[in-house]
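Novice: Mind having a look at this structure? Questions to follow.
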Amino acid sequence: MAGLAAARKLPPSSYQIFEKSRGPGGRLASKRIEQKRADIGAQFFTVRDPRFQAVVELAHSAGAVQSWEPRLGTFRSSIPVDSPDTQQRYVGAPYMNALGRFLSQSITIKSETRIVTIRRNGSYFVLTTTTGTEYSAEQVLVTTPIDQMADLLDRFEIAPIVTQFTMEPTWTTVVSSEYQLMTSRQEPIDACFGGDHDVFDFISVERSKPGRDSDLIVVQASPEWSKAHLERNPNWIAQKLATELTNTFGIQVRPVLSHRWRYARPTDPKMTAQKGIYQVDAGLWIAGDYLAGGRVEGAYLSGFEAAERLT
Ligand SMILES: Cc1cc2nc3c(=O)[nH]c(=O)nc-3n(C[C@H](O)[C@H](O)[C@H](O)COP(=O)(O)OP(=O)(O)OC[C@H]3O[C@@H](n4cnc5c(N)ncnc54)[C@H](O)[C@@H]3O)c2cc1C
């Protein structure tokens with residue numbers, strides 16, 4: 001998100017983007033599962049800033065973003081209760097990474113190219129890929145999550161950032177189930193915040209989102225639970241979260257897959273860098289959600305601000 005936001009503001013002939021994955025979107029991710037798809041990263045996003053609003057409206061007009069109005073619940077004393085609110089929420093359509101794809105139209109990305117080192121060579125920076133190919137650039141913007149940034153920039157003075165900003169992991173499990181989620185008072189819900197539950201952080205029913213027609217439910221574990229079980233086998237995680245869902249809601253579910261996000265969200269979203277960006281060295285900038293309060297919107301605005309500093 002941060003990298004795409006920056007690229008959209010810069011003349012295409014002035015930059016090159018390196019992306020380690022096959023497609024754009026990063027943590028705005030969806031995964032194909034048994035002829036269906038499920039969002040396995042961000043589940044929705046909100047909009048506050050007019051600069052983000054403008055691009056969300058464009059994506060909405062193009063059909064890549066839709067409003068999502070789930071019947072919401074939360075956990076109180078670990079019991080599911082309803083929790084309606086008036087927050088406007090959006091999702092990519094038909095999947096979260098549709099927003100990444102929309103933003104990357106007319107942007108050329110060198111995909112499946114992982115940068116492993118960045119060093120200075122006089123007035124230039126040299127970027128090296130896993131295959132040893134080198135690229136040089138006058139300026140560099142790094143928009144990876146913080147731990148990957150720290151690996152890439154270990155030759156630079158990044159202590160002021162890495163001592164202050166950290167990120168938390170999330171285990172995501174996808175299950176299939178034909179049953180409706182209900183609160184303890186038998187009100188139907190489409191999504192449920194973790195509230196005071198020890199295990200859950202967010203649960204969402206895919207078919208409640210526009211354009212999805214599946215029986216998949218996405219379960220995200222709390223940062224504490226995810227950290228405690230970080231190195232567990234994905235099958236163990238899937239079984240455990242499926243059982244927790246069955247015990248909590250009294251529904252039958254079939255675990256389908258688990259995905260571990262080592263760097264899902266900032267530990268303290270209230271802590272931000274000024275404008276959500278940081279200059280590591282002359283011509284070398286970092287941006288991303290961890291400097292900008294987390295969330296999709298934070299990442300976008302951070303990249304947007306960074307582009308204004310790249311001349
Ligand atoms: C499970 C989960 C749930 C979430 N829920 C929400 C939510 O409900 N609402 C919300 O607003 N936000 C949510 N978020 C957060 C949101 O997804 C992020 O804030 C936002 O997508 C981050 O964007 P970014 O550009 O900063 O980083 P990323 O999306 O992580 O992008 C970084 C990119 O860098 C690439 N990369 C990494 N290392 C290298 C390398 N060495 N070389 C080349 N490329 C590299 C990655 O592949 C990736 O594409 C959630 C995140 C997770 C994981």
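Chain lettering (A, B, ...) mirrors the order of the structure tokens, residue numbering begins at 1 for each chain separately, and ligand numbering begins at 1 in order of display.
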If you count only C-alpha atoms, which residues fall within 9 Å of Asp198 (chain A), apart from same-chain ones fewer than 2 positions away, as a short mmCIF file (atom, residue, chain, number, x, y, z; two decimals) with N, CA and C atoms, in the first residue's frame?
Specialist:
data_model
loop_
_atom_site.label_atom_id
_atom_site.label_comp_id
_atom_site.auth_asym_id
_atom_site.auth_seq_id
_atom_site.Cartn_x
_atom_site.Cartn_y
_atom_site.Cartn_z
N SER A 78 -15.74 -13.11 27.47
CA SER A 78 -15.53 -14.20 26.49
C SER A 78 -16.82 -14.73 25.87
N GLY A 194 -12.51 -9.12 18.85
CA GLY A 194 -12.05 -10.01 19.92
C GLY A 194 -12.49 -9.59 21.31
N GLY A 195 -12.74 -8.29 21.50
CA GLY A 195 -13.14 -7.82 22.84
C GLY A 195 -12.18 -8.34 23.90
N ASP A 196 -12.72 -8.99 24.94
CA ASP A 196 -11.84 -9.49 26.01
C ASP A 196 -11.52 -10.99 25.86
N PHE A 200 -9.31 -14.87 20.31
CA PHE A 200 -9.73 -14.23 19.06
C PHE A 200 -9.38 -12.74 19.02
N ASP A 201 -9.06 -12.29 17.81
CA ASP A 201 -8.87 -10.86 17.58
C ASP A 201 -9.97 -10.32 16.66
N ALA A 221 -6.22 -14.67 15.23
CA ALA A 221 -5.92 -14.84 16.67
C ALA A 221 -5.34 -13.55 17.22
N SER A 222 -5.48 -13.37 18.53
CA SER A 222 -4.96 -12.16 19.17
C SER A 222 -3.43 -12.15 19.08
N GLU A 224 -1.28 -11.78 21.41
CA GLU A 224 -0.69 -12.54 22.54
C GLU A 224 -0.72 -14.04 22.23
N TRP A 225 -1.88 -14.51 21.77
CA TRP A 225 -2.02 -15.94 21.46
C TRP A 225 -1.10 -16.29 20.30
#
Novice: Which residues of chain A come within 6 Å of ligand 1, and for each one, what is the closest pair of atoms and their distance in Å to one decimal, counting only C-alpha atoms and all ligand atoms, sorted by chain and residue number, as JSON lines?
Specialist:
{"residue": "A:Met1", "atom": "CA", "partner": "ligand 1", "partner_atom_place_in_ligand_line": "25 (O)", "distance": 3.7}
{"residue": "A:Ala2", "atom": "CA", "partner": "ligand 1", "partner_atom_place_in_ligand_line": "25 (O)", "distance": 3.8}
{"residue": "A:Gly3", "atom": "CA", "partner": "ligand 1", "partner_atom_place_in_ligand_line": "25 (O)", "distance": 5.8}
{"residue": "A:Phe18", "atom": "CA", "partner": "ligand 1", "partner_atom_place_in_ligand_line": "43 (C)", "distance": 5.1}
{"residue": "A:Glu19", "atom": "CA", "partner": "ligand 1", "partner_atom_place_in_ligand_line": "44 (N)", "distance": 3.7}
{"residue": "A:Lys20", "atom": "CA", "partner": "ligand 1", "partner_atom_place_in_ligand_line": "44 (N)", "distance": 4.0}
{"residue": "A:Ser21", "atom": "CA", "partner": "ligand 1", "partner_atom_place_in_ligand_line": "47 (O)", "distance": 5.0}
{"residue": "A:Pro24", "atom": "CA", "partner": "ligand 1", "partner_atom_place_in_ligand_line": "49 (O)", "distance": 5.9}
{"residue": "A:Gly25", "atom": "CA", "partner": "ligand 1", "partner_atom_place_in_ligand_line": "49 (O)", "distance": 5.5}
{"residue": "A:Gly26", "atom": "CA", "partner": "ligand 1", "partner_atom_place_in_ligand_line": "49 (O)", "distance": 3.3}
{"residue": "A:Arg27", "atom": "CA", "partner": "ligand 1", "partner_atom_place_in_ligand_line": "29 (O)", "distance": 3.9}
{"residue": "A:Leu28", "atom": "CA", "partner": "ligand 1", "partner_atom_place_in_ligand_line": "21 (O)", "distance": 5.0}
{"residue": "A:Gly41", "atom": "CA", "partner": "ligand 1", "partner_atom_place_in_ligand_line": "2 (C)", "distance": 4.0}
{"residue": "A:Ala42", "atom": "CA", "partner": "ligand 1", "partner_atom_place_in_ligand_line": "5 (N)", "distance": 3.3}
{"residue": "A:Gln43", "atom": "CA", "partner": "ligand 1", "partner_atom_place_in_ligand_line": "8 (O)", "distance": 4.3}
{"residue": "A:Phe44", "atom": "CA", "partner": "ligand 1", "partner_atom_place_in_ligand_line": "8 (O)", "distance": 4.5}
{"residue": "A:Phe45", "atom": "CA", "partner": "ligand 1", "partner_atom_place_in_ligand_line": "11 (O)", "distance": 4.1}
{"residue": "A:Thr113", "atom": "CA", "partner": "ligand 1", "partner_atom_place_in_ligand_line": "43 (C)", "distance": 5.9}
{"residue": "A:Arg114", "atom": "CA", "partner": "ligand 1", "partner_atom_place_in_ligand_line": "42 (N)", "distance": 3.6}
{"residue": "A:Ile115", "atom": "CA", "partner": "ligand 1", "partner_atom_place_in_ligand_line": "42 (N)", "distance": 4.1}
{"residue": "A:Val116", "atom": "CA", "partner": "ligand 1", "partner_atom_place_in_ligand_line": "41 (N)", "distance": 5.5}
{"residue": "A:Thr143", "atom": "CA", "partner": "ligand 1", "partner_atom_place_in_ligand_line": "32 (C)", "distance": 5.6}
{"residue": "A:Thr144", "atom": "CA", "partner": "ligand 1", "partner_atom_place_in_ligand_line": "34 (O)", "distance": 4.1}
{"residue": "A:Pro145", "atom": "CA", "partner": "ligand 1", "partner_atom_place_in_ligand_line": "30 (O)", "distance": 5.3}
{"residue": "A:Gln148", "atom": "CA", "partner": "ligand 1", "partner_atom_place_in_ligand_line": "38 (N)", "distance": 5.6}
{"residue": "A:Thr170", "atom": "CA", "partner": "ligand 1", "partner_atom_place_in_ligand_line": "1 (C)", "distance": 5.5}
{"residue": "A:Trp261", "atom": "CA", "partner": "ligand 1", "partner_atom_place_in_ligand_line": "53 (C)", "distance": 5.6}
{"residue": "A:Ala264", "atom": "CA", "partner": "ligand 1", "partner_atom_place_in_ligand_line": "53 (C)", "distance": 3.7}
{"residue": "A:Arg265", "atom": "CA", "partner": "ligand 1", "partner_atom_place_in_ligand_line": "51 (C)", "distance": 5.7}
{"residue": "A:Gly288", "atom": "CA", "partner": "ligand 1", "partner_atom_place_in_ligand_line": "26 (O)", "distance": 3.5}
{"residue": "A:Asp289", "atom": "CA", "partner": "ligand 1", "partner_atom_place_in_ligand_line": "26 (O)", "distance": 4.0}
{"residue": "A:Gly294", "atom": "CA", "partner": "ligand 1", "partner_atom_place_in_ligand_line": "19 (O)", "distance": 4.5}
{"residue": "A:Arg295", "atom": "CA", "partner": "ligand 1", "partner_atom_place_in_ligand_line": "11 (O)", "distance": 3.3}
{"residue": "A:Val296", "atom": "CA", "partner": "ligand 1", "partner_atom_place_in_ligand_line": "11 (O)", "distance": 3.9}
{"residue": "A:Ala299", "atom": "CA", "partner": "ligand 1", "partner_atom_place_in_ligand_line": "26 (O)", "distance": 4.4}
Novice: Residues within 12 Å of Gly303 (chain A), please, as a ChimeraX atom specification. Count only C-alpha atoms; anything in the same chain fewer than 6 positions from it doesn't count.
Specialist: /A:1-10,51-52,141-144,275-278,285-292,296-297,309-310
Novice: Write the residues you've just listed into a file as an mmCIF file, in the first residue's frame, and include C-alpha atoms for each of them.
Specialist:
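What follows is the written file selection.cif:
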data_model
loop_
_atom_site.group_PDB
_atom_site.id
_atom_site.type_symbol
_atom_site.label_atom_id
_atom_site.label_comp_id
_atom_site.auth_asym_id
_atom_site.auth_seq_id
_atom_site.Cartn_x
_atom_site.Cartn_y
_atom_site.Cartn_z
ATOM 1 C CA MET A 1 0.000 0.000 0.000
ATOM 2 C CA ALA A 2 2.728 2.465 0.991
ATOM 3 C CA GLY A 3 4.862 1.607 -2.026
ATOM 4 C CA LEU A 4 1.922 1.853 -4.440
ATOM 5 C CA ALA A 5 0.797 5.167 -2.956
ATOM 6 C CA ALA A 6 4.278 6.590 -3.459
ATOM 7 C CA ALA A 7 4.585 5.252 -7.010
ATOM 8 C CA ARG A 8 1.263 6.779 -8.053
ATOM 9 C CA LYS A 9 2.610 10.222 -7.220
ATOM 10 C CA LEU A 10 5.916 9.890 -9.077
ATOM 11 C CA ARG A 51 -6.305 12.173 0.403
ATOM 12 C CA PHE A 52 -7.162 8.526 1.024
ATOM 13 C CA LEU A 141 12.224 4.346 -0.358
ATOM 14 C CA VAL A 142 11.869 1.161 1.718
ATOM 15 C CA THR A 143 8.247 0.190 2.487
ATOM 16 C CA THR A 144 8.684 -3.321 3.908
ATOM 17 C CA LYS A 275 4.040 12.372 8.772
ATOM 18 C CA GLY A 276 4.476 8.575 8.977
ATOM 19 C CA ILE A 277 7.910 8.668 7.346
ATOM 20 C CA TYR A 278 11.579 8.775 8.384
ATOM 21 C CA TRP A 285 13.581 7.078 3.292
ATOM 22 C CA ILE A 286 11.413 4.544 5.061
ATOM 23 C CA ALA A 287 7.615 4.468 5.073
ATOM 24 C CA GLY A 288 4.872 2.007 5.931
ATOM 25 C CA ASP A 289 2.043 1.362 8.344
ATOM 26 C CA TYR A 290 4.303 0.840 11.372
ATOM 27 C CA LEU A 291 5.324 4.532 11.245
ATOM 28 C CA ALA A 292 1.788 5.741 10.604
ATOM 29 C CA VAL A 296 -4.358 0.387 5.417
ATOM 30 C CA GLU A 297 -5.042 4.108 5.450
ATOM 31 C CA ARG A 309 10.191 14.069 -0.399
ATOM 32 C CA LEU A 310 11.602 12.122 -3.334
#
Novice: So what do you get for CA of Glu206 (chain A) versus CA of Gln220 (chain A), distance-wise?
Specialist: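 CA of Gln220 (chain A) lies at a distance of 13.1 Å from CA of Glu206 (chain A).
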Novice: Quick one: residues within 9 Å of Thr172 (chain A), only C-alpha atoms, excluding same-chain residues fewer than 5 positions away - as a PyMOL selection string?
Specialist: chain A and resi 40-41+218-221+226+237-238+241+257-261
Novice: So the first atom is CA of Lys227 (chain A) and the second is CA of Thr272 (chain A); what is the distance between them in Å, to one decimal place?
Specialist: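 These two atoms are separated by 22.8 Å.
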Novice: Can you list, as a list in words, every protein, DNA or RNA residue that comes within 10 Å of Val91 (chain A) when you count only C-alpha atoms, leaving out same-chain residues fewer than 6 positions away?
Specialist: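 Within the cut-off, the hits are Leu28, Asp39, Ala42, Gln43, Phe44, Phe45, Thr46, His60, Ala64, Val65, Gln66, Ser67, Trp68, Glu69, Asn97, Ala98, Leu99, Lys209 and Pro210 of chain A.
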Novice: Using C-alpha atoms, can you export the residues from the last selection as a PDB file, in the first residue's frame?
Specialist:
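Output below, filename result-v3.pdb:
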ATOM      1  CA  LEU A  28      -4.071  -6.653   1.647  1.00  0.00           C
ATOM      2  CA  ASP A  39      -9.035 -12.535   2.675  1.00  0.00           C
ATOM      3  CA  ALA A  42      -6.575  -7.000   6.399  1.00  0.00           C
ATOM      4  CA  GLN A  43     -10.308  -7.707   6.641  1.00  0.00           C
ATOM      5  CA  PHE A  44     -11.580  -4.211   5.910  1.00  0.00           C
ATOM      6  CA  PHE A  45     -10.396  -0.622   5.992  1.00  0.00           C
ATOM      7  CA  THR A  46     -11.716   2.722   7.101  1.00  0.00           C
ATOM      8  CA  HIS A  60     -15.128   2.432  -5.677  1.00  0.00           C
ATOM      9  CA  ALA A  64     -12.501  -2.503  -6.945  1.00  0.00           C
ATOM     10  CA  VAL A  65     -13.790  -1.334  -3.545  1.00  0.00           C
ATOM     11  CA  GLN A  66     -17.245  -1.729  -1.955  1.00  0.00           C
ATOM     12  CA  SER A  67     -18.845  -0.745   1.331  1.00  0.00           C
ATOM     13  CA  TRP A  68     -19.170  -3.515   3.893  1.00  0.00           C
ATOM     14  CA  GLU A  69     -21.919  -3.300   6.499  1.00  0.00           C
ATOM     15  CA  ASN A  97      -6.173  -7.423  -2.917  1.00  0.00           C
ATOM     16  CA  ALA A  98      -8.405  -5.895  -5.621  1.00  0.00           C
ATOM     17  CA  LEU A  99      -7.424  -2.545  -4.115  1.00  0.00           C
ATOM     18  CA  LYS A 209     -18.704  -9.114   2.102  1.00  0.00           C
ATOM     19  CA  PRO A 210     -19.791  -7.882  -1.335  1.00  0.00           C
TER      20      PRO A 210
END
Novice: Need the shell around Phe193 (chain A): protein/DNA/RNA residues with any atom at most 8 Å away, counting only C-alpha atoms. Skip same-chain ones fewer than 2 positions apart. Format as a VMD selection string?
Specialist: chain A and resid 72 to 75 191 195 200 to 203
Novice: Which residues come within 10 Å of Glu178 (chain A), counting only C-alpha atoms, excluding same-chain residues fewer than 4 positions away, as a list of chain:residue names?
Specialist: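 Listed by chain and then number, they are A:Ser214, A:Asp215, A:Leu216, A:Ile217, A:Ile251, A:Gln252, A:Val253, A:Arg254.
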Novice: Write a file of the selected residues as a PDB file, in the first residue's frame, keeping C-alpha atoms.
Specialist:
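Wrote it out as out_20.pdb, contents follow:
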ATOM      1  CA  SER A 214     -18.443 -18.951  -0.131  1.00  0.00           C
ATOM      2  CA  ASP A 215     -18.802 -20.788   3.146  1.00  0.00           C
ATOM      3  CA  LEU A 216     -15.446 -19.577   4.471  1.00  0.00           C
ATOM      4  CA  ILE A 217     -14.924 -17.896   7.829  1.00  0.00           C
ATOM      5  CA  ILE A 251     -21.138 -24.590  15.174  1.00  0.00           C
ATOM      6  CA  GLN A 252     -19.453 -27.302  13.142  1.00  0.00           C
ATOM      7  CA  VAL A 253     -16.464 -26.025  11.139  1.00  0.00           C
ATOM      8  CA  ARG A 254     -13.792 -27.630   8.966  1.00  0.00           C
TER       9      ARG A 254
END
Novice: Pick the closest to Asp268 (chain A) from A:Leu181, A:Val140, A:Val205, A:Met167: which is it, counting only C-alpha atoms?
Specialist: A:Met167
Novice: From a backbone DSSP assignment, name each residue in region 75-184 of chain A labelled alpha helix (DSSP H), as a VMD selection string.
Specialist: chain A and resid 97 to 103 146 to 152 159 to 162
Novice: Go ahead and write the selection's residues with N, CA and C atoms as an mmCIF file, in the first residue's frame.
Specialist:
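result_23.cif was written with the following content:
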data_model
loop_
_atom_site.group_PDB
_atom_site.id
_atom_site.type_symbol
_atom_site.label_atom_id
_atom_site.label_comp_id
_atom_site.auth_asym_id
_atom_site.auth_seq_id
_atom_site.Cartn_x
_atom_site.Cartn_y
_atom_site.Cartn_z
ATOM 1 N N ASN A 97 -7.296 -7.881 -2.102
ATOM 2 C CA ASN A 97 -6.173 -7.423 -2.917
ATOM 3 C C ASN A 97 -6.608 -6.763 -4.233
ATOM 4 N N ALA A 98 -7.937 -6.657 -4.448
ATOM 5 C CA ALA A 98 -8.405 -5.895 -5.621
ATOM 6 C C ALA A 98 -7.972 -4.431 -5.499
ATOM 7 N N LEU A 99 -7.869 -3.936 -4.274
ATOM 8 C CA LEU A 99 -7.424 -2.545 -4.115
ATOM 9 C C LEU A 99 -5.957 -2.408 -4.546
ATOM 10 N N GLY A 100 -5.133 -3.371 -4.143
ATOM 11 C CA GLY A 100 -3.725 -3.349 -4.580
ATOM 12 C C GLY A 100 -3.624 -3.419 -6.095
ATOM 13 N N ARG A 101 -4.434 -4.289 -6.687
ATOM 14 C CA ARG A 101 -4.400 -4.420 -8.147
ATOM 15 C C ARG A 101 -4.866 -3.134 -8.820
ATOM 16 N N PHE A 102 -5.896 -2.532 -8.252
ATOM 17 C CA PHE A 102 -6.394 -1.278 -8.830
ATOM 18 C C PHE A 102 -5.300 -0.202 -8.769
ATOM 19 N N LEU A 103 -4.660 -0.072 -7.613
ATOM 20 C CA LEU A 103 -3.647 0.983 -7.466
ATOM 21 C C LEU A 103 -2.420 0.727 -8.331
ATOM 22 N N ILE A 146 8.736 -3.468 9.437
ATOM 23 C CA ILE A 146 9.924 -2.943 10.124
ATOM 24 C C ILE A 146 11.071 -3.959 10.241
ATOM 25 N N ASP A 147 10.768 -5.216 10.556
ATOM 26 C CA ASP A 147 11.871 -6.158 10.758
ATOM 27 C C ASP A 147 12.620 -6.414 9.448
ATOM 28 N N GLN A 148 11.870 -6.454 8.350
ATOM 29 C CA GLN A 148 12.527 -6.633 7.057
ATOM 30 C C GLN A 148 13.311 -5.378 6.672
ATOM 31 N N MET A 149 12.801 -4.216 7.050
ATOM 32 C CA MET A 149 13.535 -2.966 6.825
ATOM 33 C C MET A 149 14.862 -2.998 7.592
ATOM 34 N N ALA A 150 14.801 -3.481 8.850
ATOM 35 C CA ALA A 150 16.010 -3.514 9.683
ATOM 36 C C ALA A 150 17.073 -4.418 9.054
ATOM 37 N N ASP A 151 16.655 -5.543 8.469
ATOM 38 C CA ASP A 151 17.617 -6.429 7.800
ATOM 39 C C ASP A 151 18.234 -5.740 6.586
ATOM 40 N N LEU A 152 17.382 -5.069 5.831
ATOM 41 C CA LEU A 152 17.858 -4.434 4.590
ATOM 42 C C LEU A 152 18.813 -3.273 4.863
ATOM 43 N N ALA A 159 18.734 2.737 14.497
ATOM 44 C CA ALA A 159 18.412 2.491 15.917
ATOM 45 C C ALA A 159 17.260 3.366 16.428
ATOM 46 N N PRO A 160 17.189 4.656 16.041
ATOM 47 C CA PRO A 160 16.074 5.464 16.564
ATOM 48 C C PRO A 160 14.703 4.882 16.210
ATOM 49 N N ILE A 161 14.631 4.165 15.121
ATOM 50 C CA ILE A 161 13.343 3.580 14.717
ATOM 51 C C ILE A 161 13.143 2.208 15.358
ATOM 52 N N VAL A 162 14.152 1.334 15.239
ATOM 53 C CA VAL A 162 13.919 -0.046 15.706
ATOM 54 C C VAL A 162 13.850 -0.150 17.225
#
Novice: Restricting the calculation to only C-alpha atoms, which member of A:Val47, A:Ser204, A:Ile107, A:Tyr263 is positioned closest to Val174 (chain A)?
Specialist: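 Distance minimum relative to Val174 (chain A) lands on A:Ser204.
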Novice: Smallest atom-to-atom distance to Ser208 (chain A): which of A:Pro269, A:Pro94, A:Pro84, A:Gly23, using only C-alpha atoms?
Specialist: A:Pro94
Novice: Tell me, in Å to one decimal, how far CA of Gln139 (chain A) is from CA of Ala282 (chain A).
Specialist: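 Taking CA of Gln139 (chain A) and CA of Ala282 (chain A), their separation equals 8.2 Å.
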